[in-house]
$ cat my_file-v5.cif   # mmCIF, N, CA and C atoms
data_coords
#
loop_
_atom_site.label_atom_id
_atom_site.label_comp_id
_atom_site.auth_asym_id
_atom_site.auth_seq_id
_atom_site.Cartn_x
_atom_site.Cartn_y
_atom_site.Cartn_z
N MET A 1 -8.31 15.57 -17.53
CA MET A 1 -9.42 15.04 -16.76
C MET A 1 -8.97 14.82 -15.32
N GLU A 2 -9.74 15.33 -14.41
CA GLU A 2 -9.40 15.19 -13.00
C GLU A 2 -10.17 14.04 -12.37
N TYR A 3 -9.44 13.23 -11.64
CA TYR A 3 -10.02 12.12 -10.89
C TYR A 3 -9.09 11.86 -9.71
N VAL A 4 -9.59 11.11 -8.74
CA VAL A 4 -8.77 10.73 -7.60
C VAL A 4 -8.78 9.21 -7.48
N ILE A 5 -7.70 8.69 -6.95
CA ILE A 5 -7.63 7.26 -6.62
C ILE A 5 -7.63 7.17 -5.11
N GLU A 6 -8.58 6.39 -4.60
CA GLU A 6 -8.72 6.25 -3.15
C GLU A 6 -9.16 4.83 -2.81
N ALA A 7 -9.09 4.50 -1.54
CA ALA A 7 -9.50 3.17 -1.08
C ALA A 7 -10.99 2.97 -1.33
N ALA A 8 -11.32 1.77 -1.77
CA ALA A 8 -12.72 1.38 -1.94
C ALA A 8 -13.14 0.58 -0.71
N ASN A 9 -14.44 0.53 -0.43
CA ASN A 9 -14.94 -0.26 0.69
C ASN A 9 -16.31 -0.83 0.36
N TRP A 10 -16.92 -1.48 1.31
CA TRP A 10 -18.19 -2.17 1.06
C TRP A 10 -19.29 -1.24 0.56
N ARG A 11 -19.18 0.05 0.88
CA ARG A 11 -20.19 1.00 0.39
C ARG A 11 -20.15 1.17 -1.12
N ASP A 12 -19.07 0.71 -1.74
CA ASP A 12 -18.90 0.81 -3.19
C ASP A 12 -19.43 -0.41 -3.93
N LEU A 13 -20.12 -1.29 -3.23
CA LEU A 13 -20.55 -2.55 -3.83
C LEU A 13 -21.40 -2.34 -5.08
N ASN A 14 -22.40 -1.51 -5.02
CA ASN A 14 -23.27 -1.32 -6.18
C ASN A 14 -22.53 -0.71 -7.36
N ALA A 15 -21.70 0.28 -7.09
CA ALA A 15 -20.92 0.90 -8.18
C ALA A 15 -19.94 -0.10 -8.78
N LEU A 16 -19.33 -0.92 -7.93
CA LEU A 16 -18.39 -1.92 -8.44
C LEU A 16 -19.13 -2.98 -9.26
N ARG A 17 -20.30 -3.37 -8.80
CA ARG A 17 -21.08 -4.36 -9.54
C ARG A 17 -21.42 -3.83 -10.94
N GLN A 18 -21.82 -2.59 -11.03
CA GLN A 18 -22.13 -1.99 -12.33
C GLN A 18 -20.89 -1.91 -13.21
N LEU A 19 -19.77 -1.50 -12.62
CA LEU A 19 -18.52 -1.39 -13.38
C LEU A 19 -18.11 -2.76 -13.92
N GLU A 20 -18.18 -3.79 -13.08
CA GLU A 20 -17.83 -5.15 -13.51
C GLU A 20 -18.70 -5.60 -14.67
N GLN A 21 -20.00 -5.34 -14.60
CA GLN A 21 -20.92 -5.78 -15.64
C GLN A 21 -20.66 -5.06 -16.96
N VAL A 22 -20.26 -3.79 -16.89
CA VAL A 22 -19.94 -3.05 -18.11
C VAL A 22 -18.59 -3.49 -18.68
N CYS A 23 -17.59 -3.60 -17.81
CA CYS A 23 -16.23 -3.92 -18.26
C CYS A 23 -16.06 -5.39 -18.64
N PHE A 24 -16.76 -6.27 -17.95
CA PHE A 24 -16.58 -7.70 -18.16
C PHE A 24 -17.93 -8.39 -18.33
N PRO A 25 -18.66 -8.10 -19.39
CA PRO A 25 -20.02 -8.65 -19.53
C PRO A 25 -20.07 -10.17 -19.49
N GLN A 26 -19.03 -10.82 -19.98
CA GLN A 26 -19.01 -12.29 -19.98
C GLN A 26 -18.47 -12.87 -18.69
N ASP A 27 -17.71 -12.09 -17.95
CA ASP A 27 -16.97 -12.62 -16.80
C ASP A 27 -17.19 -11.85 -15.51
N ALA A 28 -18.25 -11.05 -15.42
CA ALA A 28 -18.47 -10.26 -14.20
C ALA A 28 -18.55 -11.19 -13.00
N TRP A 29 -17.92 -10.75 -11.92
CA TRP A 29 -17.90 -11.57 -10.70
C TRP A 29 -19.27 -11.61 -10.04
N PRO A 30 -19.59 -12.73 -9.38
CA PRO A 30 -20.82 -12.78 -8.59
C PRO A 30 -20.72 -11.85 -7.38
N ILE A 31 -21.86 -11.51 -6.84
CA ILE A 31 -21.92 -10.52 -5.76
C ILE A 31 -21.04 -10.89 -4.57
N TRP A 32 -20.99 -12.15 -4.20
CA TRP A 32 -20.20 -12.52 -3.01
C TRP A 32 -18.71 -12.33 -3.25
N ASP A 33 -18.25 -12.54 -4.48
CA ASP A 33 -16.85 -12.27 -4.78
C ASP A 33 -16.55 -10.77 -4.69
N LEU A 34 -17.52 -9.96 -5.12
CA LEU A 34 -17.33 -8.50 -5.02
C LEU A 34 -17.30 -8.05 -3.57
N VAL A 35 -18.17 -8.62 -2.74
CA VAL A 35 -18.15 -8.31 -1.31
C VAL A 35 -16.79 -8.67 -0.73
N ALA A 36 -16.29 -9.85 -1.08
CA ALA A 36 -14.99 -10.29 -0.56
C ALA A 36 -13.87 -9.36 -0.98
N VAL A 37 -13.84 -8.99 -2.27
CA VAL A 37 -12.75 -8.16 -2.77
C VAL A 37 -12.78 -6.76 -2.14
N LEU A 38 -13.94 -6.34 -1.67
CA LEU A 38 -14.06 -5.03 -1.02
C LEU A 38 -13.82 -5.07 0.48
N THR A 39 -13.83 -6.25 1.07
CA THR A 39 -13.76 -6.31 2.54
C THR A 39 -12.61 -7.13 3.11
N LEU A 40 -12.04 -8.04 2.35
CA LEU A 40 -10.97 -8.87 2.90
C LEU A 40 -9.74 -8.02 3.21
N PRO A 41 -9.13 -8.24 4.38
CA PRO A 41 -7.97 -7.43 4.75
C PRO A 41 -6.71 -7.74 3.94
N THR A 42 -6.70 -8.86 3.23
CA THR A 42 -5.54 -9.22 2.41
C THR A 42 -5.67 -8.75 0.97
N VAL A 43 -6.65 -7.90 0.71
CA VAL A 43 -6.86 -7.37 -0.64
C VAL A 43 -6.71 -5.86 -0.64
N VAL A 44 -5.87 -5.35 -1.53
CA VAL A 44 -5.78 -3.91 -1.77
C VAL A 44 -6.93 -3.58 -2.73
N HIS A 45 -7.82 -2.68 -2.32
CA HIS A 45 -8.97 -2.33 -3.16
C HIS A 45 -9.01 -0.82 -3.33
N LEU A 46 -8.83 -0.41 -4.58
CA LEU A 46 -8.75 1.02 -4.91
C LEU A 46 -9.74 1.34 -6.02
N LYS A 47 -10.22 2.58 -5.98
CA LYS A 47 -11.14 3.03 -7.02
C LYS A 47 -10.66 4.37 -7.57
N ALA A 48 -10.96 4.58 -8.84
CA ALA A 48 -10.76 5.89 -9.45
C ALA A 48 -12.13 6.55 -9.48
N VAL A 49 -12.18 7.79 -8.99
CA VAL A 49 -13.45 8.50 -8.85
C VAL A 49 -13.36 9.86 -9.53
N GLN A 50 -14.40 10.18 -10.29
CA GLN A 50 -14.52 11.52 -10.88
C GLN A 50 -15.92 12.02 -10.57
N ASN A 51 -15.99 13.18 -9.97
CA ASN A 51 -17.28 13.80 -9.62
C ASN A 51 -18.20 12.83 -8.87
N GLY A 52 -17.62 12.08 -7.93
CA GLY A 52 -18.40 11.17 -7.11
C GLY A 52 -18.75 9.84 -7.76
N LYS A 53 -18.32 9.63 -8.99
CA LYS A 53 -18.65 8.40 -9.72
C LYS A 53 -17.42 7.50 -9.84
N MET A 54 -17.59 6.20 -9.52
CA MET A 54 -16.51 5.24 -9.71
C MET A 54 -16.34 5.01 -11.21
N ILE A 55 -15.14 5.33 -11.71
CA ILE A 55 -14.87 5.15 -13.13
C ILE A 55 -13.83 4.06 -13.38
N GLY A 56 -13.22 3.57 -12.29
CA GLY A 56 -12.24 2.50 -12.41
C GLY A 56 -12.06 1.81 -11.07
N PHE A 57 -11.56 0.58 -11.10
CA PHE A 57 -11.37 -0.19 -9.89
C PHE A 57 -10.23 -1.19 -10.10
N ILE A 58 -9.51 -1.46 -9.01
CA ILE A 58 -8.47 -2.49 -9.04
C ILE A 58 -8.45 -3.20 -7.69
N ALA A 59 -8.15 -4.48 -7.73
CA ALA A 59 -7.98 -5.26 -6.50
C ALA A 59 -6.70 -6.07 -6.61
N GLY A 60 -5.86 -5.97 -5.59
CA GLY A 60 -4.63 -6.74 -5.51
C GLY A 60 -4.72 -7.72 -4.36
N ASP A 61 -4.67 -8.99 -4.67
CA ASP A 61 -4.80 -10.07 -3.69
C ASP A 61 -3.41 -10.44 -3.17
N ILE A 62 -3.14 -10.13 -1.93
CA ILE A 62 -1.83 -10.38 -1.32
C ILE A 62 -1.81 -11.80 -0.76
N ARG A 63 -0.86 -12.59 -1.24
CA ARG A 63 -0.70 -13.98 -0.77
C ARG A 63 0.68 -14.12 -0.14
N ARG A 64 0.76 -13.68 1.10
CA ARG A 64 2.05 -13.66 1.80
C ARG A 64 2.69 -15.04 1.89
N ASN A 65 1.89 -16.08 2.12
CA ASN A 65 2.46 -17.42 2.26
C ASN A 65 3.09 -17.91 0.95
N GLU A 66 2.68 -17.34 -0.18
CA GLU A 66 3.26 -17.68 -1.47
C GLU A 66 4.28 -16.63 -1.92
N ASN A 67 4.39 -15.53 -1.17
CA ASN A 67 5.31 -14.43 -1.47
C ASN A 67 5.02 -13.81 -2.83
N ILE A 68 3.73 -13.72 -3.15
CA ILE A 68 3.30 -13.16 -4.43
C ILE A 68 1.95 -12.48 -4.24
N SER A 69 1.67 -11.52 -5.09
CA SER A 69 0.34 -10.90 -5.13
C SER A 69 -0.22 -11.08 -6.53
N TRP A 70 -1.54 -11.03 -6.61
CA TRP A 70 -2.24 -11.14 -7.89
C TRP A 70 -3.12 -9.92 -8.08
N ILE A 71 -3.06 -9.33 -9.25
CA ILE A 71 -4.06 -8.33 -9.61
C ILE A 71 -5.31 -9.16 -9.95
N ALA A 72 -6.28 -9.13 -9.06
CA ALA A 72 -7.46 -9.98 -9.22
C ALA A 72 -8.40 -9.42 -10.27
N THR A 73 -8.51 -8.11 -10.32
CA THR A 73 -9.35 -7.46 -11.32
C THR A 73 -8.90 -6.01 -11.46
N VAL A 74 -9.01 -5.52 -12.66
CA VAL A 74 -8.80 -4.10 -12.93
C VAL A 74 -9.69 -3.73 -14.10
N GLY A 75 -10.44 -2.66 -13.92
CA GLY A 75 -11.34 -2.24 -14.98
C GLY A 75 -11.55 -0.74 -14.96
N VAL A 76 -11.72 -0.19 -16.14
CA VAL A 76 -12.02 1.24 -16.31
C VAL A 76 -13.22 1.31 -17.25
N LEU A 77 -14.20 2.12 -16.90
CA LEU A 77 -15.38 2.27 -17.76
C LEU A 77 -14.96 2.71 -19.15
N PRO A 78 -15.63 2.21 -20.18
CA PRO A 78 -15.22 2.50 -21.57
C PRO A 78 -15.04 3.97 -21.90
N ASP A 79 -15.89 4.85 -21.42
CA ASP A 79 -15.78 6.28 -21.73
C ASP A 79 -14.54 6.93 -21.13
N TYR A 80 -13.86 6.24 -20.22
CA TYR A 80 -12.71 6.81 -19.52
C TYR A 80 -11.39 6.11 -19.87
N ARG A 81 -11.43 5.21 -20.81
CA ARG A 81 -10.22 4.48 -21.19
C ARG A 81 -9.30 5.34 -22.03
N GLN A 82 -8.05 4.92 -22.14
CA GLN A 82 -7.03 5.61 -22.92
C GLN A 82 -6.70 6.99 -22.37
N GLN A 83 -6.90 7.16 -21.06
CA GLN A 83 -6.61 8.44 -20.42
C GLN A 83 -5.66 8.29 -19.23
N GLY A 84 -5.05 7.11 -19.10
CA GLY A 84 -4.07 6.90 -18.04
C GLY A 84 -4.63 6.39 -16.72
N ILE A 85 -5.93 6.16 -16.66
CA ILE A 85 -6.55 5.73 -15.40
C ILE A 85 -6.14 4.31 -15.04
N GLY A 86 -6.15 3.41 -16.01
CA GLY A 86 -5.73 2.04 -15.75
C GLY A 86 -4.29 1.99 -15.27
N LYS A 87 -3.43 2.74 -15.92
CA LYS A 87 -2.01 2.81 -15.52
C LYS A 87 -1.89 3.35 -14.10
N ALA A 88 -2.63 4.40 -13.80
CA ALA A 88 -2.56 4.99 -12.45
C ALA A 88 -3.07 4.01 -11.39
N LEU A 89 -4.14 3.29 -11.70
CA LEU A 89 -4.65 2.28 -10.76
C LEU A 89 -3.62 1.18 -10.54
N MET A 90 -3.00 0.71 -11.62
CA MET A 90 -1.99 -0.34 -11.51
C MET A 90 -0.82 0.12 -10.64
N GLU A 91 -0.33 1.32 -10.90
CA GLU A 91 0.83 1.81 -10.14
C GLU A 91 0.47 2.03 -8.67
N ALA A 92 -0.73 2.55 -8.40
CA ALA A 92 -1.14 2.77 -7.02
C ALA A 92 -1.29 1.45 -6.27
N CYS A 93 -1.83 0.46 -6.93
CA CYS A 93 -1.99 -0.85 -6.31
C CYS A 93 -0.63 -1.50 -6.06
N GLU A 94 0.22 -1.50 -7.07
CA GLU A 94 1.55 -2.10 -6.93
C GLU A 94 2.31 -1.48 -5.78
N ALA A 95 2.17 -0.16 -5.59
CA ALA A 95 2.88 0.53 -4.51
C ALA A 95 2.44 0.05 -3.13
N ARG A 96 1.27 -0.55 -3.04
CA ARG A 96 0.74 -1.02 -1.75
C ARG A 96 0.93 -2.52 -1.54
N LEU A 97 1.49 -3.21 -2.53
CA LEU A 97 1.68 -4.65 -2.41
C LEU A 97 3.02 -4.95 -1.75
N PRO A 98 3.03 -5.77 -0.70
CA PRO A 98 4.26 -6.03 0.05
C PRO A 98 5.11 -7.17 -0.51
N THR A 99 4.64 -7.85 -1.54
CA THR A 99 5.36 -9.00 -2.07
C THR A 99 6.33 -8.58 -3.17
N PRO A 100 7.36 -9.40 -3.42
CA PRO A 100 8.34 -9.03 -4.44
C PRO A 100 7.86 -9.24 -5.87
N THR A 101 6.76 -9.97 -6.03
CA THR A 101 6.28 -10.31 -7.36
C THR A 101 4.77 -10.13 -7.42
N VAL A 102 4.30 -9.70 -8.58
CA VAL A 102 2.86 -9.60 -8.81
C VAL A 102 2.55 -10.25 -10.15
N ARG A 103 1.41 -10.93 -10.19
CA ARG A 103 0.94 -11.57 -11.42
C ARG A 103 -0.47 -11.11 -11.73
N LEU A 104 -0.87 -11.35 -12.97
CA LEU A 104 -2.24 -11.08 -13.40
C LEU A 104 -2.57 -11.98 -14.57
N CYS A 105 -3.86 -12.10 -14.83
CA CYS A 105 -4.35 -12.83 -16.00
C CYS A 105 -5.12 -11.85 -16.87
N VAL A 106 -5.02 -12.06 -18.16
CA VAL A 106 -5.72 -11.20 -19.11
C VAL A 106 -6.15 -12.06 -20.30
N ARG A 107 -7.31 -11.74 -20.85
CA ARG A 107 -7.76 -12.46 -22.05
C ARG A 107 -6.69 -12.33 -23.13
N ILE A 108 -6.40 -13.42 -23.77
CA ILE A 108 -5.36 -13.44 -24.81
C ILE A 108 -5.70 -12.49 -25.96
N SER A 109 -6.99 -12.19 -26.12
CA SER A 109 -7.42 -11.29 -27.20
C SER A 109 -7.41 -9.82 -26.81
N ASN A 110 -7.13 -9.51 -25.54
CA ASN A 110 -7.19 -8.13 -25.06
C ASN A 110 -5.84 -7.44 -25.30
N SER A 111 -5.57 -7.14 -26.56
CA SER A 111 -4.25 -6.60 -26.93
C SER A 111 -3.97 -5.25 -26.29
N GLY A 112 -4.99 -4.42 -26.10
CA GLY A 112 -4.77 -3.12 -25.47
C GLY A 112 -4.29 -3.27 -24.04
N ALA A 113 -4.92 -4.14 -23.28
CA ALA A 113 -4.50 -4.37 -21.89
C ALA A 113 -3.11 -5.01 -21.85
N ILE A 114 -2.85 -5.94 -22.75
CA ILE A 114 -1.54 -6.60 -22.78
C ILE A 114 -0.44 -5.58 -23.04
N ARG A 115 -0.68 -4.67 -23.98
CA ARG A 115 0.32 -3.62 -24.26
C ARG A 115 0.55 -2.75 -23.03
N LEU A 116 -0.53 -2.38 -22.33
CA LEU A 116 -0.38 -1.59 -21.10
C LEU A 116 0.47 -2.33 -20.08
N TYR A 117 0.16 -3.60 -19.85
CA TYR A 117 0.90 -4.37 -18.86
C TYR A 117 2.37 -4.51 -19.26
N GLN A 118 2.63 -4.68 -20.54
CA GLN A 118 4.03 -4.76 -20.99
C GLN A 118 4.75 -3.43 -20.75
N ARG A 119 4.08 -2.32 -21.02
CA ARG A 119 4.70 -1.00 -20.77
C ARG A 119 4.98 -0.81 -19.28
N LEU A 120 4.16 -1.43 -18.43
CA LEU A 120 4.36 -1.33 -16.99
C LEU A 120 5.39 -2.33 -16.45
N GLY A 121 5.97 -3.14 -17.33
CA GLY A 121 7.04 -4.05 -16.92
C GLY A 121 6.63 -5.50 -16.72
N TYR A 122 5.43 -5.84 -17.12
CA TYR A 122 4.98 -7.24 -17.00
C TYR A 122 5.49 -8.05 -18.18
N SER A 123 5.79 -9.31 -17.91
CA SER A 123 6.23 -10.25 -18.94
C SER A 123 5.30 -11.45 -18.96
N ARG A 124 5.19 -12.05 -20.11
CA ARG A 124 4.37 -13.26 -20.25
C ARG A 124 5.08 -14.43 -19.58
N VAL A 125 4.34 -15.15 -18.73
CA VAL A 125 4.94 -16.30 -18.05
C VAL A 125 4.15 -17.58 -18.23
N GLY A 126 3.00 -17.51 -18.88
CA GLY A 126 2.23 -18.73 -19.10
C GLY A 126 0.89 -18.46 -19.72
N ILE A 127 0.20 -19.55 -20.00
CA ILE A 127 -1.15 -19.49 -20.56
C ILE A 127 -2.00 -20.47 -19.76
N TRP A 128 -3.19 -20.02 -19.38
CA TRP A 128 -4.17 -20.90 -18.76
C TRP A 128 -5.24 -21.18 -19.81
N SER A 129 -5.25 -22.40 -20.28
CA SER A 129 -6.18 -22.78 -21.35
C SER A 129 -7.63 -22.73 -20.88
N LYS A 130 -8.46 -22.16 -21.73
CA LYS A 130 -9.92 -22.12 -21.52
C LYS A 130 -10.28 -21.56 -20.14
N TYR A 131 -9.58 -20.54 -19.71
CA TYR A 131 -9.77 -19.95 -18.38
C TYR A 131 -11.10 -19.22 -18.26
N TYR A 132 -11.49 -18.52 -19.30
CA TYR A 132 -12.70 -17.70 -19.24
C TYR A 132 -13.94 -18.52 -19.59
N GLN A 133 -15.09 -18.01 -19.17
CA GLN A 133 -16.33 -18.76 -19.31
C GLN A 133 -16.64 -19.15 -20.75
N ASP A 134 -16.22 -18.34 -21.70
CA ASP A 134 -16.49 -18.65 -23.11
C ASP A 134 -15.40 -19.53 -23.72
N GLY A 135 -14.45 -19.98 -22.90
CA GLY A 135 -13.41 -20.87 -23.38
C GLY A 135 -12.14 -20.20 -23.85
N GLU A 136 -12.09 -18.87 -23.80
CA GLU A 136 -10.88 -18.17 -24.22
C GLU A 136 -9.75 -18.40 -23.21
N ASP A 137 -8.54 -18.46 -23.74
CA ASP A 137 -7.36 -18.63 -22.88
C ASP A 137 -7.01 -17.34 -22.17
N ALA A 138 -6.34 -17.49 -21.02
CA ALA A 138 -5.81 -16.35 -20.28
C ALA A 138 -4.29 -16.34 -20.41
N LEU A 139 -3.76 -15.18 -20.65
CA LEU A 139 -2.32 -14.97 -20.63
C LEU A 139 -1.95 -14.60 -19.20
N VAL A 140 -0.98 -15.29 -18.63
CA VAL A 140 -0.51 -14.99 -17.28
C VAL A 140 0.74 -14.12 -17.44
N MET A 141 0.74 -12.98 -16.74
CA MET A 141 1.86 -12.05 -16.83
C MET A 141 2.39 -11.78 -15.42
N GLU A 142 3.67 -11.44 -15.33
CA GLU A 142 4.33 -11.27 -14.04
C GLU A 142 5.27 -10.06 -14.09
N LYS A 143 5.42 -9.45 -12.92
CA LYS A 143 6.33 -8.30 -12.77
C LYS A 143 7.04 -8.41 -11.43
N SER A 144 8.31 -8.07 -11.43
CA SER A 144 9.06 -7.97 -10.18
C SER A 144 8.84 -6.58 -9.61
N LEU A 145 8.49 -6.53 -8.32
CA LEU A 145 8.28 -5.25 -7.66
C LEU A 145 9.48 -4.83 -6.82
N LEU A 146 10.55 -5.60 -6.86
CA LEU A 146 11.73 -5.25 -6.08
C LEU A 146 12.35 -3.97 -6.62
N LYS A 147 12.60 -3.07 -5.74
CA LYS A 147 13.20 -1.79 -6.10
C LYS A 147 14.71 -1.91 -6.02
N SER A 148 15.40 -1.33 -6.98
CA SER A 148 16.87 -1.37 -6.94
C SER A 148 17.34 -0.55 -5.74
N GLY A 149 18.40 -1.04 -5.14
CA GLY A 149 18.97 -0.35 -3.99
C GLY A 149 18.35 -0.72 -2.66
N LEU A 150 17.40 -1.63 -2.65
CA LEU A 150 16.79 -2.05 -1.37
C LEU A 150 17.51 -3.25 -0.81
#
$ encode --input "my_file-v5.cif" --output "structure tokens"
Amino acid sequence: MEYVIEAANWRDLNALRQLEQVCFPQDAWPIWDLVAVLTLPTVVHLKAVQNGKMIGFIAGDIRRNENISWIATVGVLPDYRQQGIGKALMEACEARLPTPTVRLCVRISNSGAIRLYQRLGYSRVGIWSKYYQDGEDALVMEKSLLKSGL
């Protein structure tokens, strides 16, 4: 399957809103958060596109004063999962993050995503109780982005 990963911008708002609602029906972000994630200069915003359609999205929130970045959201439309798109989005985003560490939160029940993050080098570092709107806990995971030899 051919797709490209490229920078997303405010023109992608409607496509991102649809993707969020499909990928995260219980936790889709409000419109103003989507506008922010697409326009803030401290956020890496990338999309996976196939035939002009956004099929995946990732946002990396750079927090220089804390010397850490957060994967704020990552989602791939259901019909395109298990094809390496999530992994490609994660790696492309990580490559653009200037901090030595990156963290993310994931539903404790999302075993597929947790396995992907573990394969990418993330480790469990905590739990945020009742983080999601339905009361489910979030698993906090972390990865060192420091390259050997630097």
$ resolve_selection --input "my_file-v5.cif" --expression "the PyMOL selection byres ((chain A and resi 75) around 6)" --output "PyMOL selection string"
chain A and resi 55-58+73-74+76-77
$ atom_distance --input "my_file-v5.cif" --atom1 "atom N of Cys93 (chain A)" --atom2 "atom C of Tyr122 (chain A)"
15.9 Å
$ residues_around --input "my_file-v5.cif" --residues "Asp134 (chain A)" --least-positions-apart "3" --cutoff "8 Å" --atoms "all atoms listed in the file" --output "list in words"
Gln26, Asp27, Lys130, Tyr131 and Asp137 of chain A
$ residues_around --input "my_file-v5.cif" --residues "Leu38 (chain A)" --least-positions-apart "2" --cutoff "6 Å" --atoms "all atoms listed in the file" --output "PyMOL selection string"
chain A and resi 8-10+33-36+40
$ resolve_selection --input "my_file-v5.cif" --expression "the PyMOL selection byres ((chain A and resi 104) around 6)" --output "VMD selection string"
chain A and resid 70 to 71 102 to 103 105 to 106 139 to 142
$ atom_distance --input "my_file-v5.cif" --atom1 "CA of Thr101 (chain A)" --atom2 "CA of Gly84 (chain A)"
22.7 Å
$ residues_near_point --input "my_file-v5.cif" --point "(-11.9, 12.9, -17.6)" --cutoff "6.5 Å" --atoms "only N, CA and C atoms" --output "PyMOL selection string"
chain A and resi 1-3+80
$ residues_around --input "my_file-v5.cif" --residues "Asp61 (chain A)" --least-positions-apart "3" --cutoff "7 Å" --atoms "only N, CA and C atoms" --output "JSON list (two decimals) with N, CA and C atoms, in the coordinates of the input"
[["chain", "number", "residue", "atom", "x", "y", "z"],
["A", 42, "THR", "N", -6.70, -8.86, 3.23],
["A", 42, "THR", "CA", -5.54, -9.22, 2.41],
["A", 42, "THR", "C", -5.67, -8.75, 0.97],
["A", 43, "VAL", "N", -6.65, -7.90, 0.71],
["A", 43, "VAL", "CA", -6.86, -7.37, -0.64],
["A", 43, "VAL", "C", -6.71, -5.86, -0.64],
["A", 44, "VAL", "N", -5.87, -5.35, -1.53],
["A", 44, "VAL", "CA", -5.78, -3.91, -1.77],
["A", 44, "VAL", "C", -6.93, -3.58, -2.73],
["A", 64, "ARG", "N", 0.76, -13.68, 1.10],
["A", 64, "ARG", "CA", 2.05, -13.66, 1.80],
["A", 64, "ARG", "C", 2.69, -15.04, 1.89],
["A", 68, "ILE", "N", 3.73, -13.72, -3.15],
["A", 68, "ILE", "CA", 3.30, -13.16, -4.43],
["A", 68, "ILE", "C", 1.95, -12.48, -4.24],
["A", 69, "SER", "N", 1.67, -11.52, -5.09],
["A", 69, "SER", "CA", 0.34, -10.90, -5.13],
["A", 69, "SER", "C", -0.22, -11.08, -6.53],
["A", 70, "TRP", "N", -1.54, -11.03, -6.61],
["A", 70, "TRP", "CA", -2.24, -11.14, -7.89],
["A", 70, "TRP", "C", -3.12, -9.92, -8.08],
["A", 71, "ILE", "N", -3.06, -9.33, -9.25],
["A", 71, "ILE", "CA", -4.06, -8.33, -9.61],
["A", 71, "ILE", "C", -5.31, -9.16, -9.95],
["A", 72, "ALA", "N", -6.28, -9.13, -9.06],
["A", 72, "ALA", "CA", -7.46, -9.98, -9.22],
["A", 72, "ALA", "C", -8.40, -9.42, -10.27],
["A", 73, "THR", "N", -8.51, -8.11, -10.32],
["A", 73, "THR", "CA", -9.35, -7.46, -11.32],
["A", 73, "THR", "C", -8.90, -6.01, -11.46]]
$ atom_distance --input "my_file-v5.cif" --atom1 "atom C of Gly126 (chain A)" --atom2 "atom N of Lys47 (chain A)"
27.5 Å
$ decode --input "my_file-v5.cif" --residues "region 30-41 of chain A" --atoms "N, CA and C atoms" --output "mmCIF file, in the first residue's frame"
data_model
loop_
_atom_site.group_PDB
_atom_site.id
_atom_site.type_symbol
_atom_site.label_atom_id
_atom_site.label_comp_id
_atom_site.auth_asym_id
_atom_site.auth_seq_id
_atom_site.Cartn_x
_atom_site.Cartn_y
_atom_site.Cartn_z
ATOM 1 N N PRO A 30 -12.095 18.319 21.143
ATOM 2 C CA PRO A 30 -12.944 19.411 20.654
ATOM 3 C C PRO A 30 -12.234 20.180 19.541
ATOM 4 N N ILE A 31 -13.016 20.894 18.772
ATOM 5 C CA ILE A 31 -12.488 21.575 17.587
ATOM 6 C C ILE A 31 -11.335 22.516 17.906
ATOM 7 N N TRP A 32 -11.405 23.230 19.006
ATOM 8 C CA TRP A 32 -10.332 24.194 19.315
ATOM 9 C C TRP A 32 -9.015 23.493 19.623
ATOM 10 N N ASP A 33 -9.078 22.312 20.231
ATOM 11 C CA ASP A 33 -7.854 21.546 20.460
ATOM 12 C C ASP A 33 -7.259 21.072 19.132
ATOM 13 N N LEU A 34 -8.130 20.709 18.194
ATOM 14 C CA LEU A 34 -7.638 20.285 16.875
ATOM 15 C C LEU A 34 -7.004 21.456 16.131
ATOM 16 N N VAL A 35 -7.611 22.629 16.218
ATOM 17 C CA VAL A 35 -7.021 23.825 15.609
ATOM 18 C C VAL A 35 -5.635 24.070 16.204
ATOM 19 N N ALA A 36 -5.537 23.978 17.526
ATOM 20 C CA ALA A 36 -4.257 24.212 18.195
ATOM 21 C C ALA A 36 -3.199 23.211 17.754
ATOM 22 N N VAL A 37 -3.565 21.927 17.713
ATOM 23 C CA VAL A 37 -2.584 20.899 17.368
ATOM 24 C C VAL A 37 -2.111 21.040 15.915
ATOM 25 N N LEU A 38 -2.919 21.664 15.086
ATOM 26 C CA LEU A 38 -2.538 21.873 13.681
ATOM 27 C C LEU A 38 -1.779 23.177 13.444
ATOM 28 N N THR A 39 -1.815 24.088 14.402
ATOM 29 C CA THR A 39 -1.234 25.414 14.140
ATOM 30 C C THR A 39 -0.140 25.851 15.108
ATOM 31 N N LEU A 40 -0.076 25.292 16.296
ATOM 32 C CA LEU A 40 0.938 25.731 17.255
ATOM 33 C C LEU A 40 2.340 25.399 16.747
ATOM 34 N N PRO A 41 3.269 26.346 16.856
ATOM 35 C CA PRO A 41 4.624 26.090 16.362
ATOM 36 C C PRO A 41 5.415 25.095 17.203
#
